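All remarks here apply to the structure that follows.
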Amino acid sequence: MTTLTPHSPAVERTAHLYDRVRHVIPEVEWPFFADNAEAIVRLKQERNAVVLAHNYQTPEIFHCVSDIVGDSLALAREAQNVEADVIVLAGVHFMAETAKLLNPAKTVLIPDPLAGCSLAESITAADVRSLRAANPGVPVVTYVNTSADVKAESDICCTSGNAVKVIESLGVDRVIMIPDEFLARNIAAQTGVEVITWPGRCEVHERFTAEDIRSVRADHPGAVVLAHPECPPDVVAESDLSGSTAQMLDFVVTRRPRQVALITECSMSDNIAAQHPEVEFVRPCNLCPHMKRNSLAKIRRSLETMTHEVTIDPTVADRARAAVERMLAV
């Protein structure tokens, strides 16, 4: 275990937590996190609460106070098995809604209610109804990065990690896939199914270019390049592998490449590097401003004040839950 330079008692008491992130957080920074980290651990016990954290959360959240971590699919699956009374979702609003859909009797909190998503904001329930009217009989496959209102208008949900499997399970030649245009195009190329798209894009992944990948290869000729399928198709084409954040993690952990570039949100590399310092991460990453609205201080306040509680209209929740559960059954 790391022996920290003496600071406050909280710093000493949380040395075991710091040990998890010592490869990515300088020792001089830990005193800024220690008090909140210690308080969150105590409050979780007092409230019978768990913290669910997405892979894009910063290391002090991801490794030090979270009970369940993963991509959207993993968090959705694990949310079903939570026995705690309270779920704090360190992520963005649609993820907290999904946790509430799957745990309607539990209290679900989001530390910052303004933690949104460009994809979720790109489409409304009325838009889905219009797409259905223009394409009668064509099933609607909705990415989980959407509001409960949009999920409620859908036939089935998907994530970047299971989209191919979900679409192929429908046994049709044509689907409406919303709202991420690039994800839909990348999935269509893998399935041979005609995909009707919607012009939504992730503000993190749409900024990557094929030239970024070529620059990585020029500067780091031995690096393996892994791209998220929310990236533009030409970026995916230039990469060695395209996959969800869970699939990226699995590749790094099992293959242990000497150098790797993760073409996704910045904290993804930090969180893997914390446990695998032997892998060198080349970092042409982009920050998600919504994910970064979360902090230890906000998670602590969320548990202290039991805010901000996520609620969903029951008439919407029933239909949205059905779409999520159909996905989980595939």
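Chain lettering (A, B, ...) mirrors the order of the structure tokens, residue numbering begins at 1 for each chain separately, and ligand numbering begins at 1 in order of display.
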
Using only C-alpha atoms, tabulate the residues of region 134-247 of chain A lying at most 10 Å from any atom of region 88-95 of chain A, each with its closest atom pair and that distance in Å to one decimal, by chain and increasing residue number, as JSON lines.
```
{"residue": "A:Val144", "atom": "CA", "partner": "A:Phe94", "partner_atom": "CA", "distance": 7.5}
{"residue": "A:Asn145", "atom": "CA", "partner": "A:Phe94", "partner_atom": "CA", "distance": 6.2}
{"residue": "A:Thr146", "atom": "CA", "partner": "A:Phe94", "partner_atom": "CA", "distance": 5.9}
{"residue": "A:Ser147", "atom": "CA", "partner": "A:Phe94", "partner_atom": "CA", "distance": 5.5}
{"residue": "A:Ala148", "atom": "CA", "partner": "A:Phe94", "partner_atom": "CA", "distance": 7.3}
```

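Candidate residues A:Arg201, A:Arg174, A:His54, A:Lys106 were compared for distance to Leu73 (chain A), and the nearest is A:His54, using only C-alpha atoms.
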
(request) Quick one: pick out all strand (DSSP E) residues within region 17-164 of chain A from a backbone DSSP run and write them as a ChimeraX atom specification. (result) /A:49-54,68-70,86-90,107-109,140-143,156-158

(request) Give me every helix (DSSP H, G or I) residue in region 45-231 of chain A, going by DSSP on the backbone, as a ChimeraX atom specification. (result) /A:45-47,59-62,72-79,93-102,120-122,125-134,148-152,163-170,181-191,205-207,210-219

(request) Just the residues within 12 Å of Pro221 (chain A), please, counting only C-alpha atoms, with nothing from its chain fewer than 4 positions along; format it as an MDAnalysis selection string. (result) chainID A and resid 213:217 225 258:261 282

Any chance you can output those residues with all heavy atoms as a short mmCIF file (atom, residue, chain, number, x, y, z; two decimals), in the first residue's frame?
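Below is the file out32.cif, written as the result:
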```
data_model
loop_
_atom_site.label_atom_id
_atom_site.label_comp_id
_atom_site.auth_asym_id
_atom_site.auth_seq_id
_atom_site.Cartn_x
_atom_site.Cartn_y
_atom_site.Cartn_z
N ILE A 213 -6.29 9.51 -36.78
CA ILE A 213 -5.79 8.13 -36.71
C ILE A 213 -4.48 8.00 -37.47
O ILE A 213 -3.53 7.34 -37.00
CB ILE A 213 -6.84 7.14 -37.27
CG1 ILE A 213 -8.22 7.40 -36.67
CG2 ILE A 213 -6.38 5.71 -37.00
CD1 ILE A 213 -8.26 7.37 -35.17
N ARG A 214 -4.42 8.63 -38.65
CA ARG A 214 -3.17 8.56 -39.42
C ARG A 214 -2.03 9.23 -38.67
O ARG A 214 -0.87 8.76 -38.73
CB ARG A 214 -3.39 9.18 -40.80
CG ARG A 214 -4.30 8.35 -41.70
CD ARG A 214 -4.30 8.84 -43.13
NE ARG A 214 -5.04 10.09 -43.29
CZ ARG A 214 -6.33 10.17 -43.58
NH1 ARG A 214 -7.05 9.06 -43.74
NH2 ARG A 214 -6.92 11.34 -43.72
N SER A 215 -2.31 10.29 -37.94
CA SER A 215 -1.27 10.97 -37.16
C SER A 215 -0.79 10.08 -36.02
O SER A 215 0.41 10.03 -35.73
CB SER A 215 -1.82 12.29 -36.59
OG SER A 215 -2.10 13.20 -37.62
N VAL A 216 -1.71 9.37 -35.39
CA VAL A 216 -1.32 8.43 -34.33
C VAL A 216 -0.39 7.37 -34.89
O VAL A 216 0.65 7.05 -34.30
CB VAL A 216 -2.57 7.76 -33.70
CG1 VAL A 216 -2.16 6.58 -32.82
CG2 VAL A 216 -3.35 8.77 -32.89
N ARG A 217 -0.73 6.84 -36.04
CA ARG A 217 0.10 5.78 -36.64
C ARG A 217 1.47 6.31 -37.05
O ARG A 217 2.47 5.60 -36.94
CB ARG A 217 -0.63 5.17 -37.83
CG ARG A 217 -1.91 4.43 -37.44
CD ARG A 217 -2.32 3.47 -38.54
NE ARG A 217 -3.63 2.88 -38.29
CZ ARG A 217 -3.86 1.87 -37.45
NH1 ARG A 217 -2.86 1.36 -36.74
NH2 ARG A 217 -5.09 1.38 -37.31
N VAL A 225 -4.99 0.78 -32.50
CA VAL A 225 -5.99 1.84 -32.46
C VAL A 225 -7.38 1.22 -32.31
O VAL A 225 -7.83 0.45 -33.16
CB VAL A 225 -5.94 2.71 -33.73
CG1 VAL A 225 -7.01 3.80 -33.67
CG2 VAL A 225 -4.55 3.34 -33.88
N ARG A 258 1.50 -3.18 -26.18
CA ARG A 258 2.53 -2.30 -25.63
C ARG A 258 2.06 -0.85 -25.67
O ARG A 258 2.25 -0.09 -24.72
CB ARG A 258 3.84 -2.45 -26.41
CG ARG A 258 5.01 -1.65 -25.82
CD ARG A 258 6.27 -1.88 -26.63
NE ARG A 258 6.13 -1.42 -28.01
CZ ARG A 258 6.29 -0.15 -28.38
NH1 ARG A 258 6.62 0.78 -27.49
NH2 ARG A 258 6.17 0.20 -29.65
N GLN A 259 1.46 -0.45 -26.80
CA GLN A 259 0.90 0.88 -26.97
C GLN A 259 -0.51 0.75 -27.52
O GLN A 259 -0.77 -0.07 -28.40
CB GLN A 259 1.73 1.72 -27.96
CG GLN A 259 3.04 2.25 -27.44
CD GLN A 259 3.68 3.18 -28.47
OE1 GLN A 259 3.60 2.94 -29.67
NE2 GLN A 259 4.30 4.24 -27.99
N VAL A 260 -1.41 1.60 -27.03
CA VAL A 260 -2.78 1.56 -27.53
C VAL A 260 -3.36 2.97 -27.53
O VAL A 260 -3.06 3.78 -26.65
CB VAL A 260 -3.65 0.60 -26.68
CG1 VAL A 260 -3.77 1.09 -25.25
CG2 VAL A 260 -5.03 0.43 -27.30
N ALA A 261 -4.15 3.27 -28.53
CA ALA A 261 -4.88 4.53 -28.61
C ALA A 261 -6.36 4.21 -28.55
O ALA A 261 -6.88 3.46 -29.37
CB ALA A 261 -4.55 5.27 -29.91
N VAL A 282 -1.65 6.08 -25.83
CA VAL A 282 -1.54 7.26 -26.69
C VAL A 282 -2.90 7.94 -26.63
O VAL A 282 -3.93 7.29 -26.80
CB VAL A 282 -1.21 6.85 -28.14
CG1 VAL A 282 -1.09 8.07 -29.03
CG2 VAL A 282 0.05 6.00 -28.17
#
```

Using only C-alpha atoms, I'd like a table of the residues in region 35-143 of chain A that come within 9 Å of region 7-18 of chain A; for each, show the closest atom pair and its distance in Å rounded to one decimal, ordered by chain and ascending number, as a Markdown table.
```
| residue | atom | partner | partner_atom | distance |
| --- | --- | --- | --- | --- |
| A:Asp35 | CA | A:Ala10 | CA | 5.6 |
| A:Ala37 | CA | A:Thr14 | CA | 7.6 |
| A:Glu38 | CA | A:Thr14 | CA | 6.5 |
| A:Glu60 | CA | A:Tyr18 | CA | 8.1 |
| A:His63 | CA | A:Leu17 | CA | 7.9 |
| A:Cys64 | CA | A:Leu17 | CA | 5.4 |
| A:Val65 | CA | A:Leu17 | CA | 8.3 |
```

Keeping only N, CA and C atoms, take the residues you just selected and write them out as a CSV table (one decimal), in the first residue's frame.
```csv
chain,number,residue,atom,x,y,z
A,35,ASP,N,-11.3,13.9,1.7
A,35,ASP,CA,-12.4,14.1,2.6
A,35,ASP,C,-13.7,13.7,2.0
A,37,ALA,N,-14.1,11.5,-0.5
A,37,ALA,CA,-14.1,10.0,-0.7
A,37,ALA,C,-14.4,9.3,0.6
A,38,GLU,N,-13.8,9.7,1.7
A,38,GLU,CA,-14.1,9.1,3.0
A,38,GLU,C,-15.6,9.3,3.4
A,60,GLU,N,-10.9,9.0,-9.6
A,60,GLU,CA,-11.2,9.0,-8.2
A,60,GLU,C,-12.6,8.6,-7.9
A,63,HIS,N,-12.7,4.4,-9.5
A,63,HIS,CA,-11.9,3.4,-8.7
A,63,HIS,C,-12.1,3.5,-7.2
A,64,CYS,N,-12.5,4.7,-6.7
A,64,CYS,CA,-12.4,4.9,-5.3
A,64,CYS,C,-13.7,4.8,-4.5
A,65,VAL,N,-14.8,5.2,-5.2
A,65,VAL,CA,-16.1,5.2,-4.5
A,65,VAL,C,-17.2,4.4,-5.2
```

(request) Write out as a list of chain:residue names the residues lying within 12 Å of Leu303 (chain A), counting only C-alpha atoms and excluding same-chain residues fewer than 6 positions away. (result) A:Asn36, A:Ala39, A:Ile40, A:Val41, A:Arg42, A:Leu43, A:Lys44, A:Gln45, A:Glu46, A:Arg47, A:Asn48, A:Ala49, A:Val50, A:Val51, A:Asp85, A:Val86, A:Ile87, A:Val88, A:Leu89, A:Ala90, A:Thr107, A:Val108, A:Leu109, A:Ile110, A:Pro111, A:Leu296, A:Ala297, A:Glu309

(request) Excluding region 320-329 of chain A and residues on its chain fewer than 6 positions from it, collect all residues at most 6 Å away from it, counting only C-alpha atoms, and give them as a ChimeraX atom specification. (result) /A:101,148,151-152,155-157

Go ahead and dump the residues you just picked, C-alpha atoms, as a short mmCIF file (atom, residue, chain, number, x, y, z; two decimals), in the first residue's frame.
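part-v3.cif written:
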```cif
data_model
loop_
_atom_site.label_atom_id
_atom_site.label_comp_id
_atom_site.auth_asym_id
_atom_site.auth_seq_id
_atom_site.Cartn_x
_atom_site.Cartn_y
_atom_site.Cartn_z
CA LEU A 101 -36.75 1.98 -15.19
CA ALA A 148 -37.35 7.50 -21.38
CA LYS A 151 -37.49 4.63 -25.40
CA ALA A 152 -41.23 4.41 -24.78
CA ASP A 155 -39.62 -1.55 -30.10
CA ILE A 156 -36.29 -2.44 -28.54
CA CYS A 157 -33.20 -0.70 -27.18
#
```

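Here CA of Lys100 (chain A) stands at a distance of 28.5 Å from CA of Ser269 (chain A).
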
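The interatomic distance for the pair CA of Thr245 (chain A) and CA of Ile178 (chain A) works out to 19.4 Å.
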
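A straight line drawn from CA of Cys231 (chain A) to CA of Ser295 (chain A) is 26.4 Å long.
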
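With only C-alpha atoms as the atoms that count, the minimum distance from Gly161 (chain A) to the choices A:Cys288, A:Ala74, A:Ala99, A:Ala133 is reached by A:Ala74.
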
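Using only C-alpha atoms, the protein and nucleic acid residues lying no more than 12 Å from Gly200 (chain A), apart from those fewer than 5 places from it along its own chain, are A:Cys117, A:Ser118, A:Leu119, A:Ala120, A:Glu121, A:Ser122, A:Ile123, A:Thr124, A:Asp127, A:Thr142, A:Tyr143, A:Asn145, A:Thr146, A:Met177, A:Ile178, A:Pro179, A:Asp180, A:Glu181, A:Phe182, A:Leu183, A:Ala184, A:Arg185, A:His205, A:Glu206, A:Glu230, A:Cys231, A:Pro232.
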